[in-house]
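Trainee: Pasting model_35.tsv here (TSV, C-alpha atoms):
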```
chain	number	residue	atom	x	y	z
P	130	MET	CA	8.75	31.25	2.80
P	131	ILE	CA	9.86	28.47	5.21
P	132	ASP	CA	10.21	29.88	8.72
P	133	VAL	CA	11.07	27.75	11.75
P	134	HIS	CA	11.28	29.46	15.13
P	135	ASP	CA	12.43	27.90	18.39
P	136	MET	CA	11.24	24.43	17.38
P	137	THR	CA	11.84	21.59	19.83
P	138	LYS	CA	10.93	17.95	19.35
P	139	LYS	CA	11.28	15.38	22.13
P	140	TYR	CA	10.84	11.63	22.25
P	141	GLY	CA	10.29	11.11	25.94
P	142	LYS	CA	13.42	12.49	27.60
P	143	LEU	CA	15.44	12.47	24.37
P	144	VAL	CA	15.64	15.88	22.67
P	145	ALA	CA	15.83	15.19	18.94
P	146	ASN	CA	15.54	18.85	17.90
P	147	ASP	CA	16.62	21.50	20.39
P	148	SER	CA	15.33	25.06	19.81
P	149	ILE	CA	15.82	25.03	16.04
P	150	THR	CA	15.47	28.33	14.19
P	151	LEU	CA	15.99	28.64	10.44
P	152	SER	CA	14.56	30.44	7.46
P	153	VAL	CA	14.51	29.81	3.72
P	154	GLY	CA	13.38	32.62	1.46
P	155	GLY	CA	11.96	32.51	-2.04
P	156	GLY	CA	14.67	31.88	-4.62
P	157	GLU	CA	16.98	30.42	-2.00
P	158	LEU	CA	18.55	26.95	-1.87
P	159	ALA	CA	19.21	25.92	1.73
P	160	VAL	CA	21.16	22.75	2.45
P	161	LEU	CA	20.75	20.79	5.67
P	162	LEU	CA	23.84	18.81	6.65
P	163	GLY	CA	24.73	16.63	9.61
P	164	PRO	CA	25.93	13.16	10.59
P	165	ASN	CA	23.53	10.25	10.86
P	166	GLY	CA	21.21	10.77	13.80
P	167	ALA	CA	21.78	14.52	14.03
P	168	GLY	CA	18.02	15.13	13.86
P	169	LYS	CA	17.68	16.22	10.23
P	170	SER	CA	14.82	13.91	9.29
P	171	THR	CA	12.98	14.74	12.52
P	172	LEU	CA	13.28	18.42	11.65
P	173	ILE	CA	12.01	17.87	8.12
P	174	LYS	CA	9.06	15.75	9.24
P	175	SER	CA	8.14	18.37	11.83
P	176	VAL	CA	8.28	21.18	9.26
P	177	CYS	CA	6.08	19.12	6.91
P	178	GLY	CA	3.49	18.62	9.65
P	179	LEU	CA	4.10	14.90	10.18
P	180	LEU	CA	5.23	15.24	13.80
P	181	ARG	CA	4.05	17.27	16.76
P	182	PHE	CA	6.54	19.71	18.25
P	183	ASP	CA	6.92	22.78	20.41
P	184	GLY	CA	7.61	26.09	18.69
P	185	SER	CA	6.48	27.63	15.43
P	186	VAL	CA	6.71	26.57	11.77
P	187	ARG	CA	5.17	28.71	9.04
P	188	ILE	CA	5.03	28.17	5.29
P	189	GLY	CA	4.36	31.34	3.34
P	190	GLY	CA	3.11	32.95	6.52
P	191	HIS	CA	0.67	30.12	7.33
P	192	GLU	CA	0.98	27.66	10.21
P	193	ASN	CA	2.41	24.47	8.74
P	194	HIS	CA	-0.57	22.27	9.61
P	195	THR	CA	-3.07	24.43	7.71
P	196	THR	CA	-4.49	23.70	4.27
P	197	GLU	CA	-3.01	26.97	2.98
P	198	ALA	CA	0.50	25.90	4.03
P	199	LYS	CA	0.13	22.41	2.59
P	200	ARG	CA	-0.90	23.83	-0.78
P	201	LEU	CA	2.35	25.81	-0.90
P	202	LEU	CA	4.66	22.98	0.16
P	203	GLY	CA	6.08	20.03	-1.76
P	204	TYR	CA	7.80	17.18	0.10
P	205	VAL	CA	10.11	14.41	-1.12
P	206	PRO	CA	10.70	11.95	1.76
P	207	GLU	CA	13.91	10.00	2.23
P	208	PHE	CA	12.12	6.72	1.55
P	209	PRO	CA	9.44	6.91	-1.17
P	210	VAL	CA	6.10	5.47	-0.11
P	211	LEU	CA	3.93	4.61	-3.10
P	212	TYR	CA	0.57	2.94	-3.31
P	213	PRO	CA	1.43	-0.61	-4.45
P	214	MET	CA	-1.68	-1.04	-6.60
P	215	LEU	CA	-1.65	2.35	-8.32
P	216	THR	CA	0.20	2.83	-11.58
P	217	VAL	CA	2.75	5.59	-12.11
P	218	ALA	CA	0.17	7.60	-14.06
P	219	GLU	CA	-2.46	7.06	-11.36
P	220	HIS	CA	-0.12	8.43	-8.69
P	221	LEU	CA	0.10	11.71	-10.58
P	222	GLU	CA	-3.65	11.72	-11.20
P	223	PHE	CA	-4.23	11.16	-7.48
P	224	ILE	CA	-2.08	14.18	-6.62
P	225	ALA	CA	-3.83	16.29	-9.25
P	226	LYS	CA	-7.24	15.46	-7.78
P	227	ALA	CA	-6.08	15.92	-4.19
P	228	TYR	CA	-4.80	19.42	-5.01
P	229	ARG	CA	-7.72	20.12	-7.36
P	230	LEU	CA	-5.34	21.02	-10.18
P	231	ASN	CA	-6.59	22.22	-13.53
P	232	ALA	CA	-4.93	21.39	-16.87
P	233	TRP	CA	-2.29	19.32	-15.11
P	234	GLU	CA	-1.84	16.64	-17.75
P	235	GLU	CA	0.80	18.47	-19.79
P	236	LYS	CA	2.91	19.12	-16.69
P	237	ALA	CA	2.59	15.47	-15.68
P	238	GLU	CA	3.73	14.31	-19.12
P	239	GLU	CA	6.72	16.67	-18.94
P	240	LEU	CA	7.77	15.24	-15.57
P	241	LEU	CA	7.38	11.67	-16.81
P	242	ARG	CA	9.55	12.38	-19.84
P	243	ARG	CA	12.16	14.23	-17.86
P	244	PHE	CA	12.63	11.41	-15.36
P	245	GLU	CA	12.40	8.66	-17.99
P	246	LEU	CA	9.08	7.34	-16.69
P	247	ASP	CA	6.99	7.94	-19.80
P	248	ASP	CA	7.29	4.27	-20.77
P	249	LYS	CA	6.50	3.16	-17.20
P	250	LYS	CA	3.12	4.90	-16.87
P	251	LYS	CA	1.19	1.63	-16.55
P	252	LYS	CA	3.56	-0.02	-14.09
P	253	LEU	CA	2.26	-0.53	-10.55
P	254	GLY	CA	4.01	1.05	-7.59
P	255	LYS	CA	5.00	-2.37	-6.28
P	256	GLU	CA	6.70	-3.22	-9.59
P	257	LEU	CA	9.09	-0.27	-9.52
P	258	SER	CA	12.72	-0.25	-8.45
P	259	LYS	CA	13.83	2.02	-5.60
P	260	GLY	CA	15.17	4.55	-8.10
P	261	MET	CA	11.95	4.60	-10.10
P	262	GLN	CA	9.92	4.98	-6.92
P	263	GLN	CA	12.08	7.97	-6.02
P	264	LYS	CA	11.43	9.54	-9.41
P	265	VAL	CA	7.66	9.09	-8.98
P	266	SER	CA	7.90	10.64	-5.53
P	267	VAL	CA	9.73	13.65	-6.97
P	268	GLY	CA	7.16	13.96	-9.74
P	269	CYS	CA	4.28	13.91	-7.26
P	270	ALA	CA	5.94	16.66	-5.22
P	271	LEU	CA	6.56	18.87	-8.24
P	272	LEU	CA	3.22	18.44	-10.04
P	273	PRO	CA	1.31	21.05	-7.96
P	274	GLN	CA	4.17	23.53	-8.66
P	275	PRO	CA	4.67	24.43	-4.99
P	276	LYS	CA	6.28	27.64	-3.79
P	277	ALA	CA	8.41	25.78	-1.23
P	278	ILE	CA	9.94	22.31	-1.49
P	279	ILE	CA	11.62	20.13	1.12
P	280	MET	CA	13.68	17.14	0.01
P	281	ASP	CA	15.20	14.53	2.32
P	282	GLU	CA	18.15	12.75	0.63
P	283	PRO	CA	16.51	13.12	-2.80
P	284	LEU	CA	19.48	11.82	-4.83
P	285	VAL	CA	19.85	8.49	-3.04
P	286	GLY	CA	18.91	5.58	-5.30
P	287	LEU	CA	18.77	7.60	-8.51
P	288	ASP	CA	20.72	6.62	-11.61
P	289	PRO	CA	23.16	9.13	-13.19
P	290	HIS	CA	20.47	10.52	-15.51
P	291	GLY	CA	18.06	10.97	-12.62
P	292	ILE	CA	20.71	12.72	-10.53
P	293	ARG	CA	21.56	15.08	-13.37
P	294	GLU	CA	17.92	15.92	-14.04
P	295	LEU	CA	17.00	16.43	-10.39
P	296	LYS	CA	20.00	18.72	-9.84
P	297	ALA	CA	18.91	20.71	-12.89
P	298	VAL	CA	15.32	20.84	-11.61
P	299	ILE	CA	16.48	22.09	-8.21
P	300	LEU	CA	18.43	24.90	-9.85
P	301	GLU	CA	15.49	25.82	-12.11
P	302	LEU	CA	13.13	25.91	-9.14
P	303	ARG	CA	15.47	28.17	-7.19
P	304	ASP	CA	15.85	30.51	-10.16
P	305	SER	CA	12.05	30.65	-10.53
P	306	GLY	CA	11.67	31.91	-6.95
P	307	CYS	CA	10.92	28.66	-5.14
P	308	ALA	CA	12.28	28.15	-1.61
P	309	LEU	CA	14.18	24.86	-1.28
P	310	LEU	CA	15.43	23.01	1.77
P	311	VAL	CA	17.48	19.93	0.83
P	312	SER	CA	18.90	17.48	3.34
P	313	THR	CA	21.76	15.42	1.96
P	314	HIS	CA	24.93	13.51	2.77
P	315	MET	CA	26.16	14.11	-0.78
P	316	ILE	CA	27.81	17.47	-0.08
P	317	GLU	CA	29.49	17.63	-3.48
P	318	SER	CA	26.11	17.42	-5.21
P	319	MET	CA	25.09	20.80	-3.78
P	320	GLU	CA	28.53	22.43	-3.73
P	321	GLU	CA	27.99	24.61	-6.80
P	322	ASN	CA	24.55	26.10	-6.18
P	323	TRP	CA	23.76	26.36	-2.44
P	324	ASP	CA	22.97	29.73	-0.87
P	325	VAL	CA	22.86	28.90	2.85
P	326	THR	CA	23.78	25.75	4.77
P	327	TYR	CA	22.59	24.66	8.20
P	328	ILE	CA	24.91	22.16	9.86
P	329	MET	CA	23.27	20.06	12.58
P	330	VAL	CA	24.99	18.18	15.38
P	331	LYS	CA	23.15	16.42	18.20
P	332	GLY	CA	19.81	18.04	17.47
P	333	ARG	CA	21.07	21.61	17.27
P	334	ILE	CA	22.12	23.97	14.50
P	335	GLU	CA	25.86	24.27	15.11
P	336	ARG	CA	26.64	26.54	12.19
P	337	VAL	CA	24.76	28.70	9.70
P	338	CYS	CA	27.00	29.22	6.71
P	339	ARG	CA	26.34	31.48	3.75
P	340	ARG	CA	28.32	31.21	0.56
P	341	ALA	CA	29.79	34.67	1.08
P	342	ASP	CA	31.18	33.51	4.45
P	343	LEU	CA	33.60	31.03	2.87
P	344	ALA	CA	37.20	31.94	2.21
P	345	ALA	CA	38.39	31.72	-1.39
P	346	ASN	CA	40.20	28.43	-0.75
P	347	GLN	CA	37.53	26.93	1.51
P	348	SER	CA	34.81	24.48	0.50
P	349	LEU	CA	31.53	23.60	2.16
P	350	GLU	CA	32.98	20.16	2.83
P	351	ASP	CA	35.88	21.77	4.72
P	352	VAL	CA	33.43	23.63	6.97
P	353	TYR	CA	31.32	20.53	7.55
P	354	PHE	CA	34.18	18.30	8.65
P	355	ALA	CA	35.71	21.01	10.81
P	356	ILE	CA	32.47	21.13	12.79
P	357	THR	CA	31.45	17.46	12.87
P	358	GLU	CA	34.70	15.49	13.10
P	359	GLY	CA	36.44	14.76	16.35
P	360	ASN	CA	33.85	16.41	18.57
P	361	GLY	CA	33.16	13.23	20.53
P	362	ARG	CA	29.43	13.84	20.61
P	363	GLU	CA	26.80	11.17	20.52
P	364	ASP	CA	24.23	11.30	17.75
P	365	ALA	CA	20.65	12.27	18.54
P	366	ARG	CA	17.66	10.66	16.85
```
Would you put the structure from the file into structure tokens?
Mentor:
Amino acid sequence: MIDVHDMTKKYGKLVANDSITLSVGGGELAVLLGPNGAGKSTLIKSVCGLLRFDGSVRIGGHENHTTEAKRLLGYVPEFPVLYPMLTVAEHLEFIAKAYRLNAWEEKAEELLRRFELDDKKKKLGKELSKGMQQKVSVGCALLPQPKAIIMDEPLVGLDPHGIRELKAVILELRDSGCALLVSTHMIESMEENWDVTYIMVKGRIERVCRRADLAANQSLEDVYFAITEGNGREDAR
């Protein structure tokens, strides 16, 4: 569903992403790990069509910049960007109209209830806390019921209830056949349910790890630190 082939992104002479190849299938939860500056956010923004790059990115078989691909893809950025003068309810209505959704109101109400925003529907974007903004951002990404979802540090800023609900939503989406790519520093938050993990260092995929590859006494955290600690490499942006 999400297919990246030989993708390279440069900022002048700096190579932020160096020949990245990865794939996330339907019903698969892929985790993207790496130290600060490893190039994770650059990769995500490129996949979502926000940056130009060399190589190929396809969503459901469509080039990522096409309307067909964008209809299939949901995106939760690391830093939520809301319209300051739109209410919570108006953000969802805006998404519904942009995607030309039919009978979307019930789904919107469900998302608002689930993320404890149903009593915040009339609050403006500028009046919301960081955590509430993140919940609205998640709701906007999920409303069109995309077949593939990319999340960049989605748990940061959420309260315990929001973290619990989003983790449950991620699992439900995977079980329903959605392809998910989640970038996070909170390794323990994905420890139970991940299917494949891509570990980035200095703009490259250093290790592709599938759950079946781990020894019985080995954790994903063990693998991550074995690859990223003590390598003396500079971070790439």
Trainee: Give the answer as one residue: which of P:Glu320, P:Glu358, P:Asp135, P:Asp351 has the shortest atom-to-atom distance to Asp147 (chain P), using only C-alpha atoms?
Mentor: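 Residue with the minimum atom-to-atom distance to Asp147 (chain P): P:Asp135.
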Trainee: Expressed in Å to a single decimal, how great is the separation between CA of His290 (chain P) and CA of Met261 (chain P)?
Mentor: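 So the two atoms, CA of His290 (chain P) and CA of Met261 (chain P), lie 11.7 Å apart.
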Trainee: To box region 217-228 of chain P, take all atoms listed in the file, fit an axis-aligned box, add 4 Å on each side, and give centre and edge lengths in Å to one decimal, as lines of an AutoDock Vina configuration file.
Mentor:
```
center_x = -2.2
center_y = 12.5
center_z = -9.1
size_x = 18.0
size_y = 21.8
size_z = 17.9
```
Trainee: Give me the residues within 12 Å of Leu257 (chain P) as an MDAnalysis selection string, counting only C-alpha atoms and dropping any in the same chain fewer than 3 places off.
Mentor: chainID P and resid 209:217 246 249:254 260:266
Trainee: Any idea what the distance is between CA of Glu238 (chain P) and CA of Val298 (chain P)?
Mentor: 15.3 Å
Trainee: Give me the residues within 10 Å of Lys139 (chain P) as a list of chain:residue names, counting all atoms listed in the file and dropping any in the same chain fewer than 3 places off.
Mentor: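 So, after excluding close chain neighbours, the residues are P:Lys142, P:Leu143, P:Val144, P:Ala145, P:Asn146, P:Asp147, P:Thr171, P:Arg181, P:Phe182, P:Asp183, P:Arg366.
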Trainee: For the atom pair CA of Val153 (chain P) and CA of Ile334 (chain P), what is the interatomic distance in Å to one decimal place?
Mentor: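 Value for the CA of Val153 (chain P)-CA of Ile334 (chain P) distance: 14.4 Å.
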Trainee: In terms of the shortest atom-to-atom distance over only C-alpha atoms, which of P:Ser258, P:Asn231, P:Ser318, P:Asn193 is closest to Pro283 (chain P)?
Mentor: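 Closest to Pro283 (chain P) of all the choices is P:Ser318.
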Trainee: Nearest to Leu158 (chain P): which of P:Gly178, P:Gly306, P:Gly332, P:Gly291 is it, counting all atoms listed in the file?
Mentor: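 Ranking P:Gly178, P:Gly306, P:Gly332, P:Gly291 by distance to Leu158 (chain P), first place goes to P:Gly306.
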Trainee: With all atoms listed in the file as the atoms that count, which of P:Gly268, P:Gly156, P:Gly163, P:Gly190 lies nearest to Glu301 (chain P)?
Mentor: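 The answer is P:Gly156, which sits nearest to Glu301 (chain P).
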Trainee: P:Ile149, P:Ile131, P:Ala159, P:Leu240: which is nearest Arg339 (chain P), counting only C-alpha atoms?
Mentor: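 Ranking P:Ile149, P:Ile131, P:Ala159, P:Leu240 by distance to Arg339 (chain P), first place goes to P:Ala159.
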Trainee: When you count only C-alpha atoms, which of these residues is closest to Cys307 (chain P): P:Val186, P:Phe223, P:Thr150, P:Leu201?
Mentor: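 Smallest distance to Cys307 (chain P) is found for P:Leu201.
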Trainee: Kindly extract all protein, DNA and RNA residues lying within 12 Å of the coordinates (28.4, 30.9, 4.8) given in the file, considering all atoms listed in the file, and supply them as an NGL selection string.
Mentor: :P and (159-160 or 323-328 or 336-345 or 347-353)
Trainee: Would you kindly identify which residues have an atom no farther than 10 Å from (29.2, 12.0, 5.2), using all atoms listed in the file and the file's own coordinates, and write them out as a list in words?
Mentor: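 All residues meeting the 10 Å criterion around (29.2, 12.0, 5.2) are Leu162, Gly163, Pro164, Asn165, Thr313, His314, Met315, Ile316, Glu350, Tyr353, Phe354 and Thr357 of chain P.
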